[in-house]
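> The structure that follows is given in the form of C-alpha cells.
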Amino acid sequence: MLKKWIGVLTAFTLVSVVTLTGCGTNSAGPTTASAPKPAETKEAPKDTPAASKKLTVYAALNEDDIVQIQKKFKEDTGIEIEYLRLSGAGEASTRIQAEKASPKADIFVGGSVEFYEPLASQGLLEKYSSPNAKELDAQFNDPKGFWQGWYMGVLGIVLNKDRFKKELEPKGIKEPKTWDDLLDPAYKGLFITSNPATAGGGYIFVADQLFRLGEDKGWDYLKKLNDNVHHYTPAAGDGINLTATGEFVAGMSWAHDIVKSAKQGYPIQVIVPEQTAFEIGGVGVVKGGANTDNAKKFVDWLLTKPVGEMNTKLSNRYSVRKDVAPPEGMIKIEDVKLVKYDREKASQMKADVVKKFTEVTGKK
C-alpha cells in the first residue's frame with residue numbers, strides 16, 4: 001500500500017514539473033520578463049500667445065473713407081485699426097521705403113497700383129494672393145501676388161459752375177469736354193492739378209497724355225498746359241476742394257471724388273473727357289510688419305461684396321466686383337471712353353517721367 005502511494009506521488013510530481021516547464025518555454029527559446037516601463041508623464045501645456053487684435057494702416061484715402069473702414073473692420077473682425085492718413089500714394093510709398101529697416105505699417109491701402117509695383121520690386125511688400133481674388137477679372141490681380149486691386153476710378157475735370165458762367169461763358173468759352181480744351185489761354189492761372197511725384201492721380205494724368213498723344217506730342221501738351229496751371233497740389237483731391245470753394249475755375253481729379261463733393265452742395269460738376277485714364281486702387285501687405293496675419297485678413301475682407309457695396313456708396317468709386325452696382329450719380333463704366341493705358345509700362349517709366357516733368361514744368 002505504501003509503495004502504491006509512493007508511485008502515485010512520484011508520477012504526480014513528474015507531471016507537474018513537465019507542465020510548469022512547458023508554460024515557461026516556446027519555440028524561440030526562453031523568454032525573459034521585461035522590466036516595467038516607467039509611467040509616462042505629459043508636459044504641462046504651454047500658454048499660446050493670444051492672437052493680435054491690431055492692424056497699422058498707411059492710407060492714401062479720404063479721411064471719412066478710412067474712418068468708416070476702420071469702424072466696419074472692427075465690427076466684422078474685432079481687429080482694431082490704427083491708421084496714418086497720408087496726402088497721397090506717393091507719400092505713403094516714400095514713407096514705406098524710408099522705414100524698410102524697421103517697418104511701422106502692416107498694410108498700405110489706397111492709391112493706384114503703379115505706386116505698389118516699385119515697392120514690390122524692392123522687396124518691401126509681402127506676397128499674398130487672397131482666395132477672394134479668384135472672383136475678379138485678371139486685370140485687378142497682380143500676377144506676381146504683391147498687390148491687389150479693390151476699386152476703380154476714372155479721371156475727370158472738376159468745373160466751378162458759378163465762376164465759369166460769370167467769368168468765362170461771357171467770353172464765348174464753352175465748357176471743357178476734352179483734355180485739349182484746357183489749353184485755352186482763358187484758363188491761365190484758373191486751372192489746378194496735382195503733382196505726379198506725390199499724387200497717384202497726378203501721375204496717371206501725365207501718363208494719360210503720353211499714351212493718348214504719343215511721347216513727343218504728349219510732352220508738348222504738358223508744356224502748354226503748364227502755362228495755365230496755377231500750381232500742382234500734393235494730392236489729387238486738393239484740386240476739388242480749391243475749385244469747390246471758388247478759388248479756381250477748373251481742376252483735374254478723380255471723378256468719384258468730384259461727384260462726392262457735388263453731393264455735399266458745392267457748385268461744381270464733373271466732366272469725364274474722352275480718352276481718359278483710370279486707376280486700379282490697390283492694397284498691399286507691408287513685408288516685416290508686426291501684424292501680417294491681420295493684414296492678410298484685411299485684404300480678404302476688402303474683396304467681399306458687402307465691403308465693395310459700402311465703399312461704392314461711401315466714395316462713389318467703382319468696385320472691381322461685377323456683382324456690385326456702379327455708384328449713384330456716376331457715368332456707367334461701359335460708357336467711359338478710356339485711353340489705351342499700358343499699366344505695366346506706366347509703372348516702369350514712372351521715375352523717368354516724374355524727373356522729366358519736374359524739369360519741363362519747373363514746378364514741384
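In the C-alpha cells, chains take letters A, B, ... by order of appearance, with residues numbered from 1 within each chain and ligands from 1 in the order shown.
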Near Tyr128 (chain A), within 12 Å and counting only C-alpha atoms, which residues show up once chain neighbours fewer than 5 positions away are dropped, as a PDB file with C-alpha atoms, in the first residue's frame?


ATOM      1  CA  ILE A 107      -0.570  97.334 -44.769  1.00  0.00           C
ATOM      2  CA  ALA A 120       7.265  95.074 -54.684  1.00  0.00           C
ATOM      3  CA  ALA A 133      -9.351  87.335 -55.817  1.00  0.00           C
ATOM      4  CA  ASN A 141      -4.902  90.905 -59.585  1.00  0.00           C
ATOM      5  CA  ASP A 142      -1.137  91.210 -59.557  1.00  0.00           C
ATOM      6  CA  PRO A 143       0.127  88.094 -61.363  1.00  0.00           C
ATOM      7  CA  LYS A 144       3.131  88.135 -59.030  1.00  0.00           C
ATOM      8  CA  GLY A 145       0.897  88.402 -55.964  1.00  0.00           C
ATOM      9  CA  PHE A 146       2.295  91.540 -54.295  1.00  0.00           C
ATOM     10  CA  TRP A 147      -0.659  93.911 -54.690  1.00  0.00           C
ATOM     11  CA  GLN A 148      -4.402  93.582 -55.049  1.00  0.00           C
ATOM     12  CA  VAL A 283      -3.794  97.322 -51.273  1.00  0.00           C
ATOM     13  CA  GLY A 284      -0.584  95.546 -50.296  1.00  0.00           C
ATOM     14  CA  VAL A 285       0.817  93.812 -47.232  1.00  0.00           C
ATOM     15  CA  VAL A 286       3.986  95.500 -45.947  1.00  0.00           C
ATOM     16  CA  LYS A 287       6.797  92.999 -45.502  1.00  0.00           C
ATOM     17  CA  THR A 292       0.971  90.242 -41.063  1.00  0.00           C
ATOM     18  CA  ASP A 293      -1.836  87.745 -40.404  1.00  0.00           C
ATOM     19  CA  ALA A 295      -3.078  92.378 -42.833  1.00  0.00           C
ATOM     20  CA  LYS A 296      -3.998  89.335 -44.920  1.00  0.00           C
ATOM     21  CA  LYS A 297      -7.403  89.196 -43.237  1.00  0.00           C
ATOM     22  CA  PHE A 298      -7.855  92.840 -44.202  1.00  0.00           C
ATOM     23  CA  VAL A 299      -7.184  92.085 -47.873  1.00  0.00           C
ATOM     24  CA  ASP A 300      -9.703  89.218 -47.802  1.00  0.00           C
TER      25      ASP A 300
END

> Leaving out Lys53 (chain A) and any residue of its chain fewer than 5 positions from it, which residues lie within 8 Å of it when counting only C-alpha atoms, given as a list of chain:residue names?

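Once the nearby chain positions are removed, what remains is A:Gly78, A:Ile79, A:Glu80, A:Asn294.
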
> Residues within 9 Å of Met330 (chain A), please, as a list in words. Count only C-alpha atoms; anything in the same chain fewer than 4 positions from it doesn't count.

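My reading of the contact set: Ala255, His256, Val259, Asn316, Arg317, Tyr318 and Pro326 of chain A.
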
> Taking the backbone alone, and naming residues the way the document does, which bits of region 43-193 of chain A are strand (DSSP E) by DSSP, as a tab-separated table (two decimals) with all heavy atoms, in the first residue's frame?


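So the final result, stored in states30.tsv, reads:
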chain	number	residue	atom	x	y	z
A	54	LYS	N	-4.65	93.97	-33.56
A	54	LYS	CA	-4.29	95.29	-34.06
A	54	LYS	C	-3.84	95.23	-35.52
A	54	LYS	O	-3.40	94.19	-36.01
A	54	LYS	CB	-3.17	95.89	-33.21
A	54	LYS	CG	-3.57	96.25	-31.79
A	54	LYS	CD	-2.43	96.93	-31.06
A	54	LYS	CE	-2.83	97.33	-29.64
A	54	LYS	NZ	-1.71	98.00	-28.91
A	55	LEU	N	-3.97	96.34	-36.19
A	55	LEU	CA	-3.52	96.47	-37.57
A	55	LEU	C	-3.14	97.92	-37.82
A	55	LEU	O	-3.96	98.82	-37.61
A	55	LEU	CB	-4.62	96.04	-38.55
A	55	LEU	CG	-4.26	96.08	-40.03
A	55	LEU	CD1	-3.23	94.99	-40.35
A	55	LEU	CD2	-5.50	95.88	-40.90
A	56	THR	N	-1.91	98.15	-38.24
A	56	THR	CA	-1.45	99.51	-38.54
A	56	THR	C	-1.52	99.73	-40.05
A	56	THR	O	-0.90	99.00	-40.82
A	56	THR	CB	-0.02	99.73	-38.05
A	56	THR	OG1	0.03	99.49	-36.63
A	56	THR	CG2	0.44	101.15	-38.33
A	57	VAL	N	-2.28	100.75	-40.44
A	57	VAL	CA	-2.57	101.00	-41.85
A	57	VAL	C	-2.02	102.35	-42.28
A	57	VAL	O	-2.22	103.36	-41.61
A	57	VAL	CB	-4.09	100.97	-42.10
A	57	VAL	CG1	-4.41	101.30	-43.55
A	57	VAL	CG2	-4.68	99.62	-41.71
A	58	TYR	N	-1.32	102.36	-43.42
A	58	TYR	CA	-0.97	103.60	-44.09
A	58	TYR	C	-2.00	103.78	-45.20
A	58	TYR	O	-2.10	102.94	-46.10
A	58	TYR	CB	0.43	103.54	-44.69
A	58	TYR	CG	1.55	103.74	-43.68
A	58	TYR	CD1	1.27	103.97	-42.33
A	58	TYR	CD2	2.89	103.71	-44.07
A	58	TYR	CE1	2.29	104.16	-41.42
A	58	TYR	CE2	3.91	103.90	-43.16
A	58	TYR	CZ	3.60	104.12	-41.83
A	58	TYR	OH	4.62	104.30	-40.91
A	59	ALA	N	-2.77	104.86	-45.13
A	59	ALA	CA	-3.92	105.03	-46.03
A	59	ALA	C	-3.76	106.24	-46.94
A	59	ALA	O	-3.56	107.36	-46.47
A	59	ALA	CB	-5.20	105.17	-45.22
A	80	GLU	N	-8.64	96.04	-34.30
A	80	GLU	CA	-8.60	97.50	-34.21
A	80	GLU	C	-7.58	98.07	-35.18
A	80	GLU	O	-6.41	97.67	-35.18
A	80	GLU	CB	-8.22	97.92	-32.79
A	80	GLU	CG	-8.25	99.42	-32.55
A	80	GLU	CD	-9.66	99.97	-32.46
A	80	GLU	OE1	-10.47	99.42	-31.70
A	80	GLU	OE2	-9.94	100.97	-33.16
A	81	ILE	N	-8.02	98.98	-36.04
A	81	ILE	CA	-7.13	99.63	-37.00
A	81	ILE	C	-6.57	100.92	-36.40
A	81	ILE	O	-7.30	101.75	-35.88
A	81	ILE	CB	-7.86	99.95	-38.31
A	81	ILE	CG1	-8.05	98.68	-39.15
A	81	ILE	CG2	-7.08	100.99	-39.13
A	81	ILE	CD1	-8.78	98.92	-40.46
A	82	GLU	N	-5.26	101.05	-36.46
A	82	GLU	CA	-4.59	102.31	-36.17
A	82	GLU	C	-4.06	102.80	-37.51
A	82	GLU	O	-3.25	102.11	-38.14
A	82	GLU	CB	-3.45	102.11	-35.18
A	82	GLU	CG	-3.92	101.63	-33.81
A	82	GLU	CD	-2.75	101.36	-32.86
A	82	GLU	OE1	-1.59	101.45	-33.32
A	82	GLU	OE2	-3.01	101.06	-31.69
A	83	TYR	N	-4.51	103.96	-37.97
A	83	TYR	CA	-4.13	104.39	-39.31
A	83	TYR	C	-3.39	105.72	-39.31
A	83	TYR	O	-3.54	106.55	-38.42
A	83	TYR	CB	-5.37	104.50	-40.21
A	83	TYR	CG	-6.31	105.64	-39.89
A	83	TYR	CD1	-6.09	106.92	-40.43
A	83	TYR	CD2	-7.40	105.47	-39.06
A	83	TYR	CE1	-6.93	107.97	-40.15
A	83	TYR	CE2	-8.25	106.52	-38.76
A	83	TYR	CZ	-8.02	107.76	-39.31
A	83	TYR	OH	-8.85	108.81	-39.02
A	84	LEU	N	-2.59	105.86	-40.34
A	84	LEU	CA	-1.95	107.13	-40.64
A	84	LEU	C	-2.39	107.52	-42.03
A	84	LEU	O	-2.09	106.81	-43.00
A	84	LEU	CB	-0.42	107.00	-40.59
A	84	LEU	CG	0.36	108.27	-41.00
A	84	LEU	CD1	0.07	109.42	-40.05
A	84	LEU	CD2	1.86	107.98	-41.05
A	85	ARG	N	-3.15	108.60	-42.15
A	85	ARG	CA	-3.62	109.05	-43.45
A	85	ARG	C	-2.57	109.96	-44.06
A	85	ARG	O	-2.14	110.94	-43.45
A	85	ARG	CB	-4.95	109.78	-43.32
A	85	ARG	CG	-5.48	110.28	-44.66
A	85	ARG	CD	-6.77	111.07	-44.52
A	85	ARG	NE	-7.10	111.69	-45.78
A	85	ARG	CZ	-6.68	112.88	-46.18
A	85	ARG	NH1	-5.90	113.60	-45.40
A	85	ARG	NH2	-7.02	113.37	-47.36
A	107	ILE	N	0.09	97.37	-43.47
A	107	ILE	CA	-0.57	97.33	-44.77
A	107	ILE	C	-0.66	98.74	-45.35
A	107	ILE	O	-0.74	99.73	-44.61
A	107	ILE	CB	-1.97	96.69	-44.66
A	107	ILE	CG1	-2.46	96.20	-46.02
A	107	ILE	CG2	-2.98	97.62	-44.01
A	107	ILE	CD1	-3.49	95.10	-45.94
A	108	PHE	N	-0.62	98.81	-46.66
A	108	PHE	CA	-0.72	100.06	-47.42
A	108	PHE	C	-1.99	99.94	-48.27
A	108	PHE	O	-2.14	98.99	-49.03
A	108	PHE	CB	0.52	100.20	-48.28
A	108	PHE	CG	0.52	101.32	-49.30
A	108	PHE	CD1	-0.27	102.46	-49.13
A	108	PHE	CD2	1.33	101.24	-50.43
A	108	PHE	CE1	-0.26	103.47	-50.07
A	108	PHE	CE2	1.34	102.25	-51.38
A	108	PHE	CZ	0.54	103.37	-51.20
A	109	VAL	N	-2.89	100.92	-48.14
A	109	VAL	CA	-4.16	100.84	-48.86
A	109	VAL	C	-4.49	102.17	-49.51
A	109	VAL	O	-4.26	103.23	-48.94
A	109	VAL	CB	-5.31	100.40	-47.92
A	109	VAL	CG1	-5.55	101.41	-46.82
A	109	VAL	CG2	-6.60	100.13	-48.70
A	110	GLY	N	-5.02	102.09	-50.74
A	110	GLY	CA	-5.40	103.30	-51.46
A	110	GLY	C	-4.32	103.75	-52.42
A	110	GLY	O	-3.14	103.40	-52.28
A	111	GLY	N	-4.73	104.53	-53.41
A	111	GLY	CA	-3.78	104.97	-54.43
A	111	GLY	C	-3.62	103.92	-55.52
A	111	GLY	O	-3.93	102.74	-55.32
A	112	SER	N	-3.15	104.35	-56.66
A	112	SER	CA	-3.06	103.47	-57.80
A	112	SER	C	-1.95	102.43	-57.65
A	112	SER	O	-0.94	102.67	-56.99
A	112	SER	CB	-2.79	104.29	-59.07
A	112	SER	OG	-2.72	103.45	-60.20
A	125	LEU	N	7.07	94.53	-50.08
A	125	LEU	CA	5.71	94.02	-49.91
A	125	LEU	C	5.73	92.50	-49.76
A	125	LEU	O	6.55	91.82	-50.37
A	125	LEU	CB	4.83	94.41	-51.10
A	125	LEU	CG	4.57	95.90	-51.33
A	125	LEU	CD1	3.64	96.10	-52.53
A	125	LEU	CD2	3.97	96.56	-50.09
A	126	GLU	N	4.83	92.00	-48.93
A	126	GLU	CA	4.69	90.56	-48.70
A	126	GLU	C	3.83	89.96	-49.81
A	126	GLU	O	2.79	90.50	-50.16
A	126	GLU	CB	4.01	90.33	-47.34
A	126	GLU	CG	3.86	88.88	-46.96
A	126	GLU	CD	5.10	88.31	-46.30
A	126	GLU	OE1	5.98	89.11	-45.91
A	126	GLU	OE2	5.17	87.09	-46.16
A	148	GLN	N	-3.05	94.01	-54.70
A	148	GLN	CA	-4.40	93.58	-55.05
A	148	GLN	C	-5.24	94.80	-55.38
A	148	GLN	O	-5.25	95.78	-54.64
A	148	GLN	CB	-5.05	92.83	-53.87
A	148	GLN	CG	-6.49	92.43	-54.10
A	148	GLN	CD	-6.62	91.46	-55.25
A	148	GLN	OE1	-6.01	90.40	-55.26
A	148	GLN	NE2	-7.40	91.82	-56.26
A	149	GLY	N	-5.95	94.78	-56.52
A	149	GLY	CA	-6.88	95.86	-56.85
A	149	GLY	C	-8.22	95.64	-56.18
A	149	GLY	O	-8.69	94.50	-56.11
A	150	TRP	N	-8.82	96.70	-55.67
A	150	TRP	CA	-10.12	96.54	-54.99
A	150	TRP	C	-11.14	97.62	-55.38
A	150	TRP	O	-12.31	97.51	-55.05
A	150	TRP	CB	-9.96	96.47	-53.47
A	150	TRP	CG	-9.36	97.70	-52.83
A	150	TRP	CD1	-8.07	98.10	-52.88
A	150	TRP	CD2	-10.03	98.66	-52.02
A	150	TRP	NE1	-7.89	99.27	-52.17
A	150	TRP	CE2	-9.07	99.63	-51.62
A	150	TRP	CE3	-11.35	98.80	-51.58
A	150	TRP	CZ2	-9.40	100.72	-50.81
A	150	TRP	CZ3	-11.67	99.90	-50.78
A	150	TRP	CH2	-10.70	100.84	-50.40
A	151	TYR	N	-10.73	98.66	-56.11
A	151	TYR	CA	-11.67	99.64	-56.64
A	151	TYR	C	-11.12	100.24	-57.91
A	151	TYR	O	-9.95	100.08	-58.24
A	151	TYR	CB	-12.00	100.73	-55.61
A	151	TYR	CG	-10.85	101.68	-55.28
A	151	TYR	CD1	-10.51	102.73	-56.13
A	151	TYR	CD2	-10.12	101.53	-54.11
A	151	TYR	CE1	-9.47	103.60	-55.82
A	151	TYR	CE2	-9.08	102.39	-53.79
A	151	TYR	CZ	-8.77	103.42	-54.65
A	151	TYR	OH	-7.72	104.27	-54.35
A	152	MET	N	-11.98	100.96	-58.63
A	152	MET	CA	-11.57	101.65	-59.86
A	152	MET	C	-12.00	103.11	-59.80
A	152	MET	O	-13.04	103.43	-59.23
A	152	MET	CB	-12.24	101.01	-61.08
A	152	MET	CG	-11.59	99.77	-61.60
A	152	MET	SD	-12.47	99.21	-63.08
A	152	MET	CE	-12.30	100.64	-64.16
A	153	GLY	N	-11.22	103.97	-60.41
A	153	GLY	CA	-11.59	105.36	-60.52
A	153	GLY	C	-11.18	105.90	-61.88
A	153	GLY	O	-10.18	105.45	-62.45
A	154	VAL	N	-11.93	106.85	-62.43
A	154	VAL	CA	-11.57	107.47	-63.71
A	154	VAL	C	-11.28	108.95	-63.48
A	154	VAL	O	-11.86	109.58	-62.60
A	154	VAL	CB	-12.68	107.31	-64.78
A	154	VAL	CG1	-12.90	105.84	-65.09
A	154	VAL	CG2	-13.98	107.96	-64.32
A	155	LEU	N	-10.37	109.48	-64.27
A	155	LEU	CA	-10.01	110.89	-64.16
A	155	LEU	C	-11.06	111.77	-64.82
A	155	LEU	O	-11.63	111.41	-65.86
A	155	LEU	CB	-8.66	111.15	-64.82
A	155	LEU	CG	-7.43	110.56	-64.13
A	155	LEU	CD1	-6.19	110.89	-64.95
A	155	LEU	CD2	-7.28	111.09	-62.71
A	156	GLY	N	-11.30	112.93	-64.22
A	156	GLY	CA	-12.27	113.86	-64.77
A	156	GLY	C	-11.86	115.31	-64.53
A	156	GLY	O	-10.88	115.60	-63.84
A	157	ILE	N	-12.62	116.21	-65.10
A	157	ILE	CA	-12.44	117.64	-64.91
A	157	ILE	C	-13.49	118.12	-63.92
A	157	ILE	O	-14.67	117.80	-64.05
A	157	ILE	CB	-12.61	118.41	-66.25
A	157	ILE	CG1	-11.56	117.94	-67.27
A	157	ILE	CG2	-12.52	119.92	-66.03
A	157	ILE	CD1	-11.82	118.46	-68.69
A	158	VAL	N	-13.04	118.87	-62.92
A	158	VAL	CA	-13.97	119.49	-61.98
A	158	VAL	C	-14.14	120.95	-62.39
A	158	VAL	O	-13.16	121.66	-62.60
A	158	VAL	CB	-13.49	119.37	-60.52
A	158	VAL	CG1	-12.08	119.88	-60.34
A	158	VAL	CG2	-14.46	120.10	-59.58
A	159	LEU	N	-15.39	121.38	-62.55
A	159	LEU	CA	-15.68	122.74	-63.01
A	159	LEU	C	-16.55	123.46	-62.00
A	159	LEU	O	-17.59	122.95	-61.57
A	159	LEU	CB	-16.41	122.68	-64.35
A	159	LEU	CG	-16.61	124.01	-65.09
A	159	LEU	CD1	-15.26	124.51	-65.64
A	159	LEU	CD2	-17.61	123.86	-66.23
A	160	ASN	N	-16.11	124.66	-61.60
A	160	ASN	CA	-16.93	125.50	-60.73
A	160	ASN	C	-17.94	126.21	-61.63
A	160	ASN	O	-17.59	127.12	-62.40
A	160	ASN	CB	-16.06	126.51	-59.98
A	160	ASN	CG	-16.88	127.31	-58.96
A	160	ASN	OD1	-17.78	128.07	-59.32
A	160	ASN	ND2	-16.55	127.15	-57.69
A	191	PHE	N	-6.64	127.18	-63.57
A	191	PHE	CA	-6.69	125.72	-63.59
A	191	PHE	C	-5.68	125.16	-62.58
A	191	PHE	O	-4.58	125.70	-62.41
A	191	PHE	CB	-6.37	125.20	-64.99
A	191	PHE	CG	-6.34	123.70	-65.09
A	191	PHE	CD1	-7.53	122.97	-65.08
A	191	PHE	CD2	-5.14	123.03	-65.20
A	191	PHE	CE1	-7.50	121.58	-65.17
A	191	PHE	CE2	-5.10	121.64	-65.30
A	191	PHE	CZ	-6.29	120.92	-65.28
A	192	ILE	N	-6.07	124.06	-61.93
A	192	ILE	CA	-5.20	123.44	-60.92
A	192	ILE	C	-5.21	121.92	-61.10
A	192	ILE	O	-6.24	121.33	-61.45
A	192	ILE	CB	-5.67	123.83	-59.49
A	192	ILE	CG1	-4.66	123.40	-58.45
A	192	ILE	CG2	-7.06	123.28	-59.19
A	192	ILE	CD1	-4.93	124.00	-57.07
A	193	THR	N	-4.05	121.33	-60.90
A	193	THR	CA	-3.95	119.87	-60.96
A	193	THR	C	-2.92	119.42	-59.93
A	193	THR	O	-2.43	120.23	-59.14
A	193	THR	CB	-3.60	119.39	-62.39
A	193	THR	OG1	-3.65	117.97	-62.44
A	193	THR	CG2	-2.23	119.87	-62.82

> To test your reading of the structure, identify every residue in region 267-313 of chain A that backbone DSSP assigns to alpha helix (DSSP H), and report it as a PyMOL selection string.

chain A and resi 292-302+305-313

> Restricting it to N, CA, C and O atoms, dump the selection as a PDB file, in the first residue's frame.


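Dumped to again-v7.pdb:
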ATOM      1  N   THR A 292       1.145  90.699 -39.689  1.00  0.00           N
ATOM      2  CA  THR A 292       0.971  90.242 -41.063  1.00  0.00           C
ATOM      3  C   THR A 292      -0.300  89.419 -41.247  1.00  0.00           C
ATOM      4  O   THR A 292      -0.998  89.547 -42.258  1.00  0.00           O
ATOM      5  N   ASP A 293      -0.622  88.566 -40.286  1.00  0.00           N
ATOM      6  CA  ASP A 293      -1.836  87.745 -40.404  1.00  0.00           C
ATOM      7  C   ASP A 293      -3.081  88.617 -40.489  1.00  0.00           C
ATOM      8  O   ASP A 293      -3.998  88.355 -41.283  1.00  0.00           O
ATOM      9  N   ASN A 294      -3.126  89.666 -39.685  1.00  0.00           N
ATOM     10  CA  ASN A 294      -4.274  90.571 -39.713  1.00  0.00           C
ATOM     11  C   ASN A 294      -4.312  91.371 -41.012  1.00  0.00           C
ATOM     12  O   ASN A 294      -5.389  91.717 -41.509  1.00  0.00           O
ATOM     13  N   ALA A 295      -3.138  91.663 -41.555  1.00  0.00           N
ATOM     14  CA  ALA A 295      -3.078  92.378 -42.833  1.00  0.00           C
ATOM     15  C   ALA A 295      -3.689  91.526 -43.944  1.00  0.00           C
ATOM     16  O   ALA A 295      -4.425  92.026 -44.802  1.00  0.00           O
ATOM     17  N   LYS A 296      -3.424  90.233 -43.923  1.00  0.00           N
ATOM     18  CA  LYS A 296      -3.998  89.335 -44.920  1.00  0.00           C
ATOM     19  C   LYS A 296      -5.518  89.223 -44.742  1.00  0.00           C
ATOM     20  O   LYS A 296      -6.262  89.170 -45.724  1.00  0.00           O
ATOM     21  N   LYS A 297      -5.962  89.209 -43.499  1.00  0.00           N
ATOM     22  CA  LYS A 297      -7.403  89.196 -43.237  1.00  0.00           C
ATOM     23  C   LYS A 297      -8.062  90.462 -43.787  1.00  0.00           C
ATOM     24  O   LYS A 297      -9.186  90.427 -44.285  1.00  0.00           O
ATOM     25  N   PHE A 298      -7.337  91.570 -43.703  1.00  0.00           N
ATOM     26  CA  PHE A 298      -7.855  92.840 -44.202  1.00  0.00           C
ATOM     27  C   PHE A 298      -8.040  92.795 -45.717  1.00  0.00           C
ATOM     28  O   PHE A 298      -9.045  93.275 -46.246  1.00  0.00           O
ATOM     29  N   VAL A 299      -7.078  92.215 -46.424  1.00  0.00           N
ATOM     30  CA  VAL A 299      -7.184  92.085 -47.873  1.00  0.00           C
ATOM     31  C   VAL A 299      -8.394  91.229 -48.240  1.00  0.00           C
ATOM     32  O   VAL A 299      -9.195  91.587 -49.121  1.00  0.00           O
ATOM     33  N   ASP A 300      -8.544  90.098 -47.558  1.00  0.00           N
ATOM     34  CA  ASP A 300      -9.703  89.218 -47.802  1.00  0.00           C
ATOM     35  C   ASP A 300     -11.006  89.974 -47.582  1.00  0.00           C
ATOM     36  O   ASP A 300     -11.955  89.859 -48.370  1.00  0.00           O
ATOM     37  N   TRP A 301     -11.043  90.743 -46.524  1.00  0.00           N
ATOM     38  CA  TRP A 301     -12.245  91.493 -46.134  1.00  0.00           C
ATOM     39  C   TRP A 301     -12.596  92.550 -47.180  1.00  0.00           C
ATOM     40  O   TRP A 301     -13.767  92.720 -47.536  1.00  0.00           O
ATOM     41  N   LEU A 302     -11.585  93.247 -47.699  1.00  0.00           N
ATOM     42  CA  LEU A 302     -11.822  94.292 -48.699  1.00  0.00           C
ATOM     43  C   LEU A 302     -12.488  93.756 -49.952  1.00  0.00           C
ATOM     44  O   LEU A 302     -13.230  94.465 -50.623  1.00  0.00           O
ATOM     45  N   LYS A 305     -18.252  91.235 -51.107  1.00  0.00           N
ATOM     46  CA  LYS A 305     -19.318  92.030 -51.713  1.00  0.00           C
ATOM     47  C   LYS A 305     -19.851  93.118 -50.770  1.00  0.00           C
ATOM     48  O   LYS A 305     -20.010  94.272 -51.207  1.00  0.00           O
ATOM     49  N   PRO A 306     -20.138  92.812 -49.492  1.00  0.00           N
ATOM     50  CA  PRO A 306     -20.650  93.871 -48.607  1.00  0.00           C
ATOM     51  C   PRO A 306     -19.703  95.058 -48.480  1.00  0.00           C
ATOM     52  O   PRO A 306     -20.143  96.213 -48.451  1.00  0.00           O
ATOM     53  N   VAL A 307     -18.408  94.801 -48.424  1.00  0.00           N
ATOM     54  CA  VAL A 307     -17.445  95.902 -48.315  1.00  0.00           C
ATOM     55  C   VAL A 307     -17.348  96.651 -49.637  1.00  0.00           C
ATOM     56  O   VAL A 307     -17.217  97.880 -49.657  1.00  0.00           O
ATOM     57  N   GLY A 308     -17.452  95.933 -50.753  1.00  0.00           N
ATOM     58  CA  GLY A 308     -17.473  96.598 -52.055  1.00  0.00           C
ATOM     59  C   GLY A 308     -18.651  97.544 -52.179  1.00  0.00           C
ATOM     60  O   GLY A 308     -18.521  98.662 -52.689  1.00  0.00           O
ATOM     61  N   GLU A 309     -19.806  97.106 -51.711  1.00  0.00           N
ATOM     62  CA  GLU A 309     -21.003  97.948 -51.750  1.00  0.00           C
ATOM     63  C   GLU A 309     -20.867  99.144 -50.817  1.00  0.00           C
ATOM     64  O   GLU A 309     -21.266 100.263 -51.159  1.00  0.00           O
ATOM     65  N   MET A 310     -20.282  98.921 -49.641  1.00  0.00           N
ATOM     66  CA  MET A 310     -20.069 100.013 -48.697  1.00  0.00           C
ATOM     67  C   MET A 310     -19.140 101.070 -49.295  1.00  0.00           C
ATOM     68  O   MET A 310     -19.420 102.277 -49.224  1.00  0.00           O
ATOM     69  N   ASN A 311     -18.049 100.632 -49.895  1.00  0.00           N
ATOM     70  CA  ASN A 311     -17.087 101.573 -50.455  1.00  0.00           C
ATOM     71  C   ASN A 311     -17.675 102.341 -51.627  1.00  0.00           C
ATOM     72  O   ASN A 311     -17.434 103.545 -51.782  1.00  0.00           O
ATOM     73  N   THR A 312     -18.458 101.662 -52.470  1.00  0.00           N
ATOM     74  CA  THR A 312     -19.089 102.329 -53.613  1.00  0.00           C
ATOM     75  C   THR A 312     -20.052 103.410 -53.145  1.00  0.00           C
ATOM     76  O   THR A 312     -20.074 104.519 -53.683  1.00  0.00           O
ATOM     77  N   LYS A 313     -20.827 103.091 -52.131  1.00  0.00           N
ATOM     78  CA  LYS A 313     -21.786 104.059 -51.602  1.00  0.00           C
ATOM     79  C   LYS A 313     -21.080 105.218 -50.921  1.00  0.00           C
ATOM     80  O   LYS A 313     -21.494 106.382 -51.041  1.00  0.00           O
TER      81      LYS A 313
END

> Figure out the distance between CA of Gly288 (chain A) and CA of Arg95 (chain A), please, to one decimal in Å.

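So the answer is 14.4 Å.
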
> Determine, counting only C-alpha atoms, which protein, DNA and RNA residues have an atom within 9 Å of an atom of Thr276 (chain A); residues of the same chain fewer than 5 positions away are not included. Present the result as a JSON list (two decimals) with C-alpha atoms, in the first residue's frame.


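Output file around_26.json is given in full below:
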[["chain", "number", "residue", "atom", "x", "y", "z"],
["A", 154, "VAL", "CA", -11.57, 107.47, -63.71],
["A", 155, "LEU", "CA", -10.01, 110.89, -64.16],
["A", 156, "GLY", "CA", -12.27, 113.86, -64.77],
["A", 178, "THR", "CA", -11.77, 117.22, -73.75],
["A", 179, "TRP", "CA", -8.31, 117.45, -72.19],
["A", 205, "PHE", "CA", -2.97, 112.17, -65.74],
["A", 208, "ASP", "CA", -2.68, 109.55, -69.91],
["A", 209, "GLN", "CA", -1.41, 112.36, -72.14],
["A", 212, "ARG", "CA", -3.13, 109.46, -75.73],
["A", 336, "VAL", "CA", -16.48, 105.84, -70.38],
["A", 337, "LYS", "CA", -14.16, 106.13, -73.38],
["A", 338, "LEU", "CA", -10.82, 105.11, -71.95],
["A", 339, "VAL", "CA", -7.35, 105.71, -73.33],
["A", 340, "LYS", "CA", -5.30, 102.64, -74.17]]

> Which residue gives the smallest distance to Ala92 (chain A) among A:Ala197, A:Gly123, A:Gly172, A:Gly189, with only C-alpha atoms counted?

A:Ala197

> Could you give me, as a list in words, the residues within 12 Å of Phe211 (chain A), counting only C-alpha atoms and dropping anything in the same chain fewer than 4 positions from it?

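That gives Ile204, Phe205, Val206, Ala207, Glu215, Asp216, Lys217, Gly218, Trp219, Tyr221, Gln275, Thr276, Ala277, Leu338, Val339, Lys340, Tyr341, Asp342, Arg343, Lys345, Ala346 and Met349 of chain A.
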